[in-house]
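The file target.cif comes next; it holds mmCIF, C-alpha atoms and all ligand atoms.
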data_protein
#
loop_
_atom_site.label_atom_id
_atom_site.label_comp_id
_atom_site.auth_asym_id
_atom_site.auth_seq_id
_atom_site.Cartn_x
_atom_site.Cartn_y
_atom_site.Cartn_z
CA MET A 16 28.03 22.63 2.77
CA SER A 17 27.17 20.78 5.97
CA HIS A 18 24.18 21.78 8.02
CA SER A 19 23.74 21.56 11.79
CA ALA A 20 22.04 18.54 13.34
CA GLU A 21 19.31 20.86 14.58
CA ASP A 22 18.61 22.28 11.11
CA LEU A 23 18.45 18.76 9.68
CA GLU A 24 16.12 17.55 12.43
CA TYR A 25 13.56 20.35 11.98
CA MET A 26 13.69 20.11 8.19
CA ARG A 27 13.02 16.38 8.50
CA ARG A 28 9.97 17.24 10.58
CA ALA A 29 8.86 19.80 7.96
CA LEU A 30 9.23 17.12 5.27
CA SER A 31 7.00 14.69 7.12
CA LEU A 32 4.38 17.43 7.58
CA ALA A 33 4.59 18.25 3.84
CA ALA A 34 3.70 14.66 2.95
CA ARG A 35 0.35 15.03 4.75
CA GLY A 36 -0.93 17.10 1.83
CA ALA A 37 -0.46 14.16 -0.57
CA GLY A 38 -3.46 13.72 -2.84
CA HIS A 39 -4.95 17.12 -2.03
CA VAL A 40 -2.65 19.78 -3.48
CA SER A 41 -1.70 18.83 -7.03
CA PRO A 42 -0.61 20.34 -9.32
CA ASN A 43 0.76 22.56 -6.55
CA PRO A 44 3.66 21.45 -4.34
CA LEU A 45 3.68 19.51 -1.08
CA VAL A 46 5.13 21.93 1.49
CA GLY A 47 5.72 21.68 5.24
CA ALA A 48 6.88 24.32 7.73
CA VAL A 49 8.10 24.28 11.33
CA ILE A 50 8.69 27.40 13.46
CA VAL A 51 11.28 27.06 16.23
CA ARG A 52 12.40 29.38 19.00
CA ASP A 53 15.00 28.67 21.68
CA GLY A 54 15.05 24.98 20.72
CA ARG A 55 11.27 24.62 20.98
CA VAL A 56 8.73 24.10 18.20
CA ILE A 57 6.17 26.91 18.52
CA GLY A 58 4.21 26.30 15.31
CA GLU A 59 3.77 23.77 12.53
CA GLY A 60 1.84 23.75 9.29
CA TRP A 61 1.58 22.25 5.83
CA HIS A 62 -0.12 22.94 2.55
CA ALA A 63 -3.28 20.90 3.07
CA MET A 64 -5.55 21.78 0.17
CA PHE A 65 -5.11 23.05 -3.40
CA GLY A 66 -5.80 26.79 -3.41
CA GLY A 67 -5.68 26.94 0.39
CA PRO A 68 -3.15 28.77 2.57
CA HIS A 69 0.50 27.89 2.05
CA ALA A 70 2.47 25.91 4.61
CA GLU A 71 4.21 29.00 5.99
CA ARG A 72 0.94 30.82 6.71
CA ASN A 73 -0.56 27.72 8.32
CA ALA A 74 2.50 27.37 10.57
CA LEU A 75 2.30 31.07 11.53
CA ALA A 76 -1.42 30.73 12.27
CA ASN A 77 -0.73 27.73 14.52
CA CYS A 78 1.98 29.44 16.59
CA THR A 79 1.43 29.09 20.32
CA GLU A 80 3.50 32.24 20.96
CA SER A 81 4.86 35.17 18.94
CA PRO A 82 7.16 34.06 16.10
CA ARG A 83 9.15 37.32 16.36
CA GLY A 84 12.87 36.44 16.24
CA ALA A 85 12.15 32.76 15.52
CA THR A 86 13.44 30.43 12.77
CA ILE A 87 11.09 28.90 10.19
CA TYR A 88 12.02 25.65 8.43
CA VAL A 89 10.23 25.33 5.11
CA THR A 90 10.69 22.55 2.56
CA LEU A 91 10.24 24.94 -0.41
CA GLU A 92 11.46 28.50 -0.97
CA PRO A 93 8.72 30.89 0.28
CA CYS A 94 6.65 32.46 -2.48
CA CYS A 95 6.74 36.20 -3.17
CA HIS A 96 3.88 36.51 -5.66
CA HIS A 97 0.16 37.21 -5.41
CA GLY A 98 -1.45 33.95 -6.57
CA LYS A 99 -4.48 32.34 -5.01
CA THR A 100 -2.97 33.57 -1.74
CA PRO A 101 -0.82 36.61 -0.86
CA PRO A 102 3.01 36.28 -0.74
CA CYS A 103 4.42 34.26 2.15
CA THR A 104 7.49 36.51 2.18
CA ASP A 105 5.19 39.39 3.32
CA ALA A 106 3.91 37.32 6.23
CA LEU A 107 7.41 36.26 7.32
CA ILE A 108 8.68 39.86 7.17
CA GLU A 109 5.64 41.32 8.95
CA GLN A 110 5.77 38.76 11.73
CA GLY A 111 9.46 39.39 12.36
CA LEU A 112 11.01 35.98 11.64
CA ALA A 113 14.78 36.22 12.08
CA ARG A 114 15.90 33.19 10.10
CA VAL A 115 14.44 31.14 7.23
CA VAL A 116 15.81 27.67 6.49
CA VAL A 117 14.85 26.40 3.03
CA GLY A 118 14.95 22.91 1.45
CA SER A 119 14.21 23.20 -2.28
CA SER A 120 14.43 26.32 -4.44
CA ASP A 121 11.16 27.09 -6.22
CA PRO A 122 11.38 26.64 -10.02
CA ASN A 123 8.09 28.56 -10.43
CA PRO A 124 9.16 31.52 -12.63
CA LEU A 125 7.07 33.77 -10.36
CA VAL A 126 9.37 32.86 -7.44
CA ALA A 127 12.68 31.34 -8.71
CA GLY A 128 15.11 32.84 -6.19
CA LYS A 129 13.16 36.05 -5.72
CA GLY A 130 11.57 34.74 -2.51
CA VAL A 131 14.98 34.22 -0.91
CA ARG A 132 16.29 37.55 -2.22
CA ILE A 133 13.39 39.54 -0.79
CA LEU A 134 13.84 37.93 2.63
CA ARG A 135 17.56 38.77 2.64
CA GLU A 136 16.86 42.34 1.53
CA HIS A 137 14.77 42.65 4.69
CA GLY A 138 17.66 41.55 6.88
CA ILE A 139 16.41 37.99 7.42
CA GLU A 140 19.10 35.29 7.50
CA VAL A 141 18.35 32.62 4.88
CA VAL A 142 19.96 29.17 4.76
CA GLU A 143 19.25 27.20 1.59
CA ASN A 144 19.52 23.56 0.42
CA VAL A 145 18.92 21.86 3.78
CA LEU A 146 17.89 18.23 2.94
CA LYS A 147 17.60 19.52 -0.63
CA ASP A 148 17.65 16.06 -2.26
CA GLU A 149 14.80 14.76 -0.08
CA CYS A 150 12.80 17.96 -0.54
CA ASP A 151 13.35 17.89 -4.33
CA ARG A 152 12.34 14.22 -4.48
CA LEU A 153 9.09 14.82 -2.59
CA ASN A 154 8.08 17.41 -5.18
CA ALA A 155 9.51 15.75 -8.30
CA PRO A 156 6.05 15.84 -9.97
CA PHE A 157 5.63 19.58 -9.22
CA PHE A 158 9.13 20.42 -10.45
CA HIS A 159 8.71 18.39 -13.62
CA TYR A 160 5.22 19.65 -14.40
CA ILE A 161 5.91 23.34 -13.84
CA ARG A 162 8.91 23.16 -16.18
CA ASN A 163 7.51 20.87 -18.91
CA LYS A 164 3.71 20.95 -18.64
CA THR A 165 3.69 17.16 -19.11
CA PRO A 166 3.05 14.63 -16.31
CA PHE A 167 5.77 13.12 -14.14
CA VAL A 168 5.51 9.38 -14.86
CA VAL A 169 6.31 6.61 -12.37
CA LEU A 170 6.57 3.10 -13.84
CA LYS A 171 5.48 0.68 -11.09
CA TYR A 172 5.41 -3.10 -11.06
CA ALA A 173 5.52 -5.99 -8.61
CA MET A 174 7.57 -9.05 -9.47
CA THR A 175 9.03 -12.21 -8.03
CA MET A 176 12.75 -12.62 -7.38
CA ASP A 177 12.97 -14.32 -10.80
CA GLY A 178 11.49 -11.25 -12.44
CA LYS A 179 7.94 -12.47 -13.18
CA ILE A 180 4.80 -10.33 -12.86
CA ALA A 181 2.45 -13.32 -13.33
CA THR A 182 2.57 -17.11 -13.44
CA ARG A 183 2.49 -19.02 -16.73
CA THR A 184 -1.34 -19.08 -16.51
CA GLY A 185 -1.41 -15.26 -16.24
CA ALA A 186 -2.46 -15.25 -12.57
CA SER A 187 -0.91 -12.26 -10.78
CA GLN A 188 -2.87 -11.82 -7.53
CA TRP A 189 -1.06 -11.50 -5.23
CA ILE A 190 2.67 -11.23 -5.70
CA THR A 191 3.62 -8.94 -2.81
CA GLY A 192 2.31 -8.92 0.74
CA GLU A 193 -0.13 -6.63 2.51
CA ILE A 194 2.39 -3.97 3.60
CA ALA A 195 3.75 -3.48 0.07
CA ARG A 196 0.19 -3.30 -1.28
CA GLU A 197 -0.62 -0.56 1.22
CA GLN A 198 2.29 1.47 -0.15
CA VAL A 199 0.91 1.02 -3.68
CA HIS A 200 -2.40 2.46 -2.51
CA ARG A 201 -0.68 5.38 -0.79
CA ASP A 202 0.87 6.18 -4.17
CA ARG A 203 -2.51 5.93 -5.90
CA ASN A 204 -3.63 8.61 -3.45
CA ARG A 205 -0.53 10.71 -4.02
CA TYR A 206 -0.25 10.72 -7.81
CA THR A 207 -2.98 12.38 -9.86
CA ALA A 208 -3.63 9.58 -12.37
CA ILE A 209 -3.03 5.90 -13.00
CA MET A 210 -2.54 4.48 -16.49
CA VAL A 211 -2.69 0.93 -17.85
CA GLY A 212 -2.68 -0.65 -21.29
CA VAL A 213 -5.81 -2.25 -22.69
CA GLY A 214 -4.18 -5.69 -22.27
CA THR A 215 -4.29 -5.22 -18.50
CA VAL A 216 -7.99 -4.28 -18.67
CA LEU A 217 -8.71 -7.42 -20.72
CA ALA A 218 -6.66 -9.68 -18.44
CA ASP A 219 -7.50 -8.32 -14.97
CA ASP A 220 -10.62 -6.11 -15.30
CA PRO A 221 -9.14 -3.79 -12.62
CA MET A 222 -10.81 -0.88 -10.80
CA LEU A 223 -7.56 1.06 -10.17
CA THR A 224 -9.04 2.79 -7.14
CA CYS A 225 -7.28 3.84 -3.94
CA ARG A 226 -8.21 1.55 -1.09
CA ILE A 227 -6.80 3.32 1.95
CA PRO A 228 -9.01 5.10 4.48
CA GLY A 229 -9.44 8.77 3.50
CA GLY A 230 -7.61 8.21 0.21
CA ARG A 231 -8.74 9.75 -3.06
CA ASP A 232 -9.08 7.81 -6.29
CA PRO A 233 -6.69 8.66 -9.11
CA ILE A 234 -7.96 9.62 -12.57
CA ARG A 235 -7.95 6.35 -14.51
CA ILE A 236 -6.41 6.28 -17.99
CA VAL A 237 -6.48 3.35 -20.41
CA CYS A 238 -4.08 3.43 -23.31
CA ASP A 239 -6.22 1.75 -25.96
CA SER A 240 -4.99 2.41 -29.52
CA ARG A 241 -7.81 0.55 -31.32
CA LEU A 242 -10.53 1.08 -28.69
CA SER A 243 -10.90 -2.54 -27.66
CA THR A 244 -11.78 -1.99 -23.99
CA PRO A 245 -14.97 -4.00 -23.40
CA PRO A 246 -17.90 -1.68 -22.60
CA SER A 247 -18.67 -4.19 -19.83
CA ALA A 248 -15.27 -3.58 -18.14
CA ARG A 249 -15.53 -2.43 -14.53
CA LEU A 250 -13.54 0.70 -15.45
CA VAL A 251 -16.20 1.67 -17.99
CA GLU A 252 -19.15 0.70 -15.82
CA SER A 253 -17.87 2.85 -12.96
CA ALA A 254 -16.92 5.81 -15.20
CA GLY A 255 -20.02 7.74 -14.17
CA SER A 256 -18.58 8.32 -10.71
CA LEU A 257 -14.80 7.99 -11.26
CA THR A 258 -12.96 9.99 -13.90
CA THR A 259 -11.92 7.59 -16.66
CA ILE A 260 -10.05 8.53 -19.82
CA LEU A 261 -9.64 6.27 -22.83
CA ALA A 262 -6.66 7.35 -24.95
CA THR A 263 -7.09 6.06 -28.48
CA CYS A 264 -6.20 6.55 -32.14
CA CYS A 265 -9.76 5.58 -33.13
CA THR A 266 -11.62 8.65 -34.38
CA ASP A 267 -14.93 6.95 -35.29
CA PRO A 268 -17.70 8.73 -33.31
CA ASP A 269 -19.97 5.66 -33.50
CA ARG A 270 -17.37 3.59 -31.70
CA HIS A 271 -16.86 6.35 -29.10
CA ALA A 272 -20.57 6.50 -28.31
CA PRO A 273 -20.97 3.62 -25.81
CA TYR A 274 -18.00 4.77 -23.76
CA LEU A 275 -19.15 8.38 -23.73
CA ALA A 276 -22.62 7.22 -22.69
CA ALA A 277 -21.06 5.36 -19.75
CA GLY A 278 -19.29 8.56 -18.63
CA CYS A 279 -15.79 7.94 -20.02
CA GLU A 280 -13.78 10.73 -21.62
CA ILE A 281 -12.19 9.90 -24.94
CA LEU A 282 -8.89 11.48 -25.85
CA THR A 283 -8.00 10.92 -29.50
CA VAL A 284 -4.27 10.92 -29.99
CA PRO A 285 -2.15 10.58 -33.15
CA ALA A 286 -0.66 7.16 -33.87
CA ASP A 287 3.07 6.49 -33.69
CA ALA A 288 4.99 4.65 -36.44
CA ASP A 289 3.60 1.28 -35.21
CA GLY A 290 -0.01 2.46 -35.20
CA HIS A 291 -0.16 2.72 -31.41
CA VAL A 292 -1.01 5.76 -29.31
CA ASP A 293 1.85 8.25 -29.63
CA LEU A 294 2.80 8.39 -25.96
CA ALA A 295 4.70 11.68 -26.15
CA ALA A 296 1.64 13.31 -27.76
CA LEU A 297 -0.58 11.70 -25.11
CA MET A 298 1.57 13.19 -22.33
CA GLN A 299 1.21 16.65 -23.92
CA ALA A 300 -2.57 16.23 -24.04
CA LEU A 301 -2.77 14.96 -20.44
CA GLY A 302 -0.52 17.80 -19.26
CA ALA A 303 -2.79 20.32 -20.98
CA ARG A 304 -5.69 18.70 -19.10
CA GLY A 305 -3.92 19.53 -15.82
CA ILE A 306 -2.58 16.04 -15.04
CA ASP A 307 0.79 16.52 -13.34
CA SER A 308 1.67 12.93 -12.41
CA ILE A 309 0.86 9.38 -13.47
CA VAL A 310 1.57 5.93 -12.07
CA LEU A 311 2.01 3.55 -14.99
CA GLU A 312 0.85 0.14 -13.78
CA GLY A 313 1.18 -2.24 -16.67
CA GLY A 314 1.48 -4.22 -18.63
CA GLY A 315 4.86 -5.03 -20.07
CA THR A 316 4.06 -3.91 -23.61
CA LEU A 317 3.03 -0.43 -22.50
CA ALA A 318 6.00 -0.25 -20.10
CA TRP A 319 8.45 -0.90 -22.93
CA ALA A 320 6.70 1.56 -25.26
CA ALA A 321 6.70 4.21 -22.52
CA LEU A 322 10.41 3.73 -21.83
CA ARG A 323 11.21 3.92 -25.55
CA ALA A 324 9.09 7.05 -25.91
CA GLY A 325 11.16 8.64 -23.13
CA ILE A 326 8.14 9.51 -20.98
CA VAL A 327 9.12 7.60 -17.79
CA HIS A 328 10.92 9.48 -15.01
CA ARG A 329 10.95 7.10 -12.05
CA VAL A 330 10.82 3.30 -11.72
CA GLN A 331 9.37 1.51 -8.68
CA ALA A 332 10.07 -2.22 -8.53
CA TYR A 333 8.40 -4.17 -5.76
CA ILE A 334 10.20 -7.49 -5.31
CA ALA A 335 8.63 -10.45 -3.53
CA PRO A 336 10.69 -13.36 -2.17
CA LYS A 337 9.08 -15.92 -4.52
CA LEU A 338 10.00 -17.65 -7.78
CA PHE A 339 7.42 -18.41 -10.50
CA GLY A 340 9.65 -19.78 -13.27
CA GLY A 341 8.20 -20.38 -16.71
CA ALA A 342 9.73 -19.13 -19.96
CA GLN A 343 6.33 -17.72 -21.00
CA ALA A 344 5.46 -16.13 -17.65
CA LYS A 345 5.23 -12.37 -18.14
CA THR A 346 7.95 -9.93 -17.11
CA PRO A 347 7.49 -6.25 -16.20
CA VAL A 348 9.03 -4.76 -19.35
CA GLN A 349 8.43 -6.65 -22.60
CA GLY A 350 8.48 -5.34 -26.18
CA VAL A 351 11.55 -6.32 -28.19
CA GLY A 352 14.04 -5.18 -25.56
CA VAL A 353 17.53 -3.91 -26.25
CA ALA A 354 20.09 -5.87 -28.25
CA TYR A 355 23.15 -5.15 -26.11
CA PRO A 356 23.79 -4.38 -22.44
CA ASP A 357 25.23 -1.01 -23.46
CA ASP A 358 21.80 -0.09 -24.85
CA ALA A 359 20.07 -0.60 -21.48
CA VAL A 360 17.73 1.97 -19.99
CA ARG A 361 19.94 3.44 -17.27
CA LEU A 362 18.63 4.09 -13.79
CA SER A 363 20.07 5.85 -10.74
CA ALA A 364 21.28 3.75 -7.80
CA PRO A 365 18.04 2.59 -6.15
CA ARG A 366 16.64 3.70 -2.83
CA VAL A 367 15.76 0.49 -1.01
CA THR A 368 12.83 0.13 1.37
CA GLN A 369 11.88 -3.10 3.14
CA LEU A 370 8.09 -3.52 3.27
CA GLY A 371 7.30 -6.62 5.33
CA ASP A 372 8.95 -9.50 3.45
CA ASP A 373 9.10 -7.52 0.21
CA LEU A 374 11.52 -4.90 -1.10
CA LEU A 375 10.78 -1.66 -2.91
CA LEU A 376 13.53 -0.40 -5.22
CA GLU A 377 13.09 3.14 -6.56
CA SER A 378 15.31 4.75 -9.19
CA GLU A 379 15.17 7.76 -11.45
CA VAL A 380 15.56 7.20 -15.19
CA ILE A 381 18.90 8.62 -16.29
CA ALA A 382 18.91 7.63 -19.97
CA CYS A 383 16.55 5.63 -22.15
C1 LIG B 401 1.56 25.99 -2.57
N1 LIG B 401 1.67 25.68 -1.26
O1 LIG B 401 2.69 25.80 0.72
C2 LIG B 401 3.68 26.90 -1.09
C3 LIG B 401 3.59 27.20 -2.49
O2 LIG B 401 -1.58 29.73 -6.56
P1 LIG B 401 -1.00 29.89 -5.21
O3 LIG B 401 -1.16 31.24 -4.63
O4 LIG B 401 -1.46 28.82 -4.26
O5 LIG B 401 0.57 29.70 -5.39
C4 LIG B 401 1.12 28.52 -5.86
C5 LIG B 401 2.63 28.66 -5.95
O6 LIG B 401 3.17 29.10 -4.70
C6 LIG B 401 3.33 27.34 -6.23
O7 LIG B 401 3.44 27.11 -7.60
C7 LIG B 401 4.70 27.55 -5.60
O8 LIG B 401 5.54 28.21 -6.53
C8 LIG B 401 4.46 28.53 -4.45
N2 LIG B 401 4.55 27.92 -3.11
N3 LIG B 401 2.51 26.73 -3.17
O9 LIG B 401 0.61 25.59 -3.23
C9 LIG B 401 2.67 26.11 -0.48
N4 LIG B 401 4.70 27.33 -0.33
ZN ZN B 402 3.54 30.98 -0.27
#
Is it possible to give me this structure as structure tokens?
Amino acid sequence: MSHSAEDLEYMRRALSLAARGAGHVSPNPLVGAVIVRDGRVIGEGWHAMFGGPHAERNALANCTESPRGATIYVTLEPCCHHGKTPPCTDALIEQGLARVVVGSSDPNPLVAGKGVRILREHGIEVVENVLKDECDRLNAPFFHYIRNKTPFVVLKYAMTMDGKIATRTGASQWITGEIAREQVHRDRNRYTAIMVGVGTVLADDPMLTCRIPGGRDPIRIVCDSRLSTPPSARLVESAGSLTTILATCCTDPDRHAPYLAAGCEILTVPADADGHVDLAALMQALGARGIDSIVLEGGGTLAWAALRAGIVHRVQAYIAPKLFGGAQAKTPVQGVGVAYPDDAVRLSAPRVTQLGDDLLLESEVIAC
């Protein structure tokens, strides 16, 4: 069904408002709302803080005139349950909204179509699925987490146009330019956690913090089967002030002690057939700990294992207009790889964004 240019325009505005909550609302959804009467915006709002008022109520509270008879554009189906806040459907009915335009349907079993039904039962016109794909994509972590209770995982890497993530000496700073790096930090703010393999800790001694003004640092996770992260690593030394989780198969309390003393959490996870952290089991454990989304930032061994374990949902490839060459120079996904092209991990057609001189390609994993 095609939607009017006006409906699309206001929903686009609601989407950009929704994104303002990034980093502050998980594991709840990013939601934006715009209230329009006679072709004029009379109120706007978004979900700004976990546990705080929903987007709809913020937009109603910000109205510069009565919303009676107006249209509200909301990126997610309004809720109809008593949670941390009362139902938004009540507020929309009480305040006399005439029309509700919705982006995504809410998979939350407490809502799941009931929000729309209640509004219609009260004589309110409801239009659904406006910019649905964009609205769904914005909340992919919420949708995945509420259905599966495991984190939504984004595999991210930066490579040259010949597919290298480092030179033959292992040097990898910097491949992309400033604008692409800013986007990486926006994602560190947006997603709840960041995960790397122990090889990346040994090679780069990274901090994995978010370096944009007002950004919040992600929970840092190291996948470290045999617990070989050096206690002197910057991740460990800063674990007193930044949440840091070491996921390991090592169950020896004596070996846990120095990390625990430094403030790290240790998550012991069963080993897979190769003796490495069982990544599917790790995702269950992280989901149970409330982690709804993870950026997986390297290296190539962990990336391959994660793809094989079927835990990756989205791939972000940053591509810089450079060539490193070198048969031994590292590539983003290593492991043994597939034997035949037909065995490839299949991705959706990428969304392409130009970031300065670099490109960002983003695809969803279709089959792995
Ligand atoms: C939000 N923000 O703007 C909207 C949400 O626990 P509560 O009361 O905050 O309710 C959370 C649920 O409300 C959430 O899972 C989703 O189904 C629905 N809509 N949630 O956090 C919002 N509109
Ligand atoms: Zn609500």
Within 9 Å of ligand LIG 401 (chain B) (only C-alpha atoms and all ligand atoms), residues as number ranges by chain: A: 33, 40-48, 60-73, 89-103, 121-127, 157, 161
Asn204 (chain A) surroundings by all atoms listed in the file, 10 Å radius, close-in-sequence under 2 positions cut, as an NGL selection string: :A and (37-39 or 198-202 or 206-209 or 224-227 or 229-233)
Residue nearest Asp148 (chain A) - candidates A:Gly305, A:Leu30, A:Val169, A:Asp358, atoms counted: only C-alpha atoms: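 For Asp148 (chain A), the nearest of the given residues is A:Leu30.
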Exercise: Tyr25 (chain A) partners within 7 Å, all atoms listed in the file, chain neighbours under 3 positions left out, as a ChimeraX atom specification: /A:21-22,28-29,49,88
Gap from CA of Val351 (chain A) to CA of Leu338 (chain A) - Å, one decimal: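 About the pair CA of Val351 (chain A) and CA of Leu338 (chain A): they are 23.4 Å apart.
Interatomic distance, CA of Pro336 (chain A) against CA of Asp373 (chain A): 6.5 Å.
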Val131 (chain A) environment, 12 Å, all atoms listed in the file, sequence neighbours closer than 2 positions dropped, as a PyMOL selection string: chain A and resi 89+91-95+103-105+107-108+114-121+126-129+133-144
Gap from CA of Gln299 (chain A) to CA of Thr165 (chain A) - Å, one decimal: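 Those two atoms sit 5.4 Å apart.
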Nearest to Gly313 (chain A), chosen from A:Lys345, A:Arg205, A:His159, A:Arg270, with only C-alpha atoms counted in the distances: A:Lys345
Selection near Ala318 (chain A), 8 Å with all atoms listed in the file, sequence-local residues under 2 positions removed, as a list in words: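 Here the qualifying residues turn out to be Leu170, Leu311, Gly313, Gly314, Gly315, Thr316, Ala320, Ala321, Leu322, Pro347, Val348 and Gln349 of chain A.
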Preceding selection exported with C-alpha atoms as a CSV table (one decimal), keeping the file's coordinate frame:
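For reference, again11.csv as written:
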chain,number,residue,atom,x,y,z
A,170,LEU,CA,6.6,3.1,-13.8
A,311,LEU,CA,2.0,3.6,-15.0
A,313,GLY,CA,1.2,-2.2,-16.7
A,314,GLY,CA,1.5,-4.2,-18.6
A,315,GLY,CA,4.9,-5.0,-20.1
A,316,THR,CA,4.1,-3.9,-23.6
A,320,ALA,CA,6.7,1.6,-25.3
A,321,ALA,CA,6.7,4.2,-22.5
A,322,LEU,CA,10.4,3.7,-21.8
A,347,PRO,CA,7.5,-6.2,-16.2
A,348,VAL,CA,9.0,-4.8,-19.4
A,349,GLN,CA,8.4,-6.6,-22.6
A:Ile50, A:Ala155, A:Ala335, A:Pro356 ranked by distance to Trp189 (chain A), top pick (using only C-alpha atoms): A:Ala335
Within 12 Å of Gly278 (chain A) using all atoms listed in the file, minus same-chain residues under 2 positions, as a PyMOL selection string: chain A and resi 246+250-261+271-276+280-281
Among listed residues A:Val216, A:Ala262, A:Ile306, A:Met174, nearest Thr244 (chain A) (using only C-alpha atoms):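 Comparing A:Val216, A:Ala262, A:Ile306, A:Met174 against Thr244 (chain A), the winner is A:Val216.
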Pick from A:Ile180, A:Cys150, A:Val51, A:Ala76 nearest to Gly340 (chain A), counting all atoms listed in the file: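 Going through A:Ile180, A:Cys150, A:Val51, A:Ala76 one by one, the smallest distance to Gly340 (chain A) is for A:Ile180.
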Nearest to ligand ZN 402 (chain B) by atom-to-atom distance, counting only C-alpha atoms and all ligand atoms, from A:Val237, A:Val284, A:Leu75, A:Ile57: A:Leu75
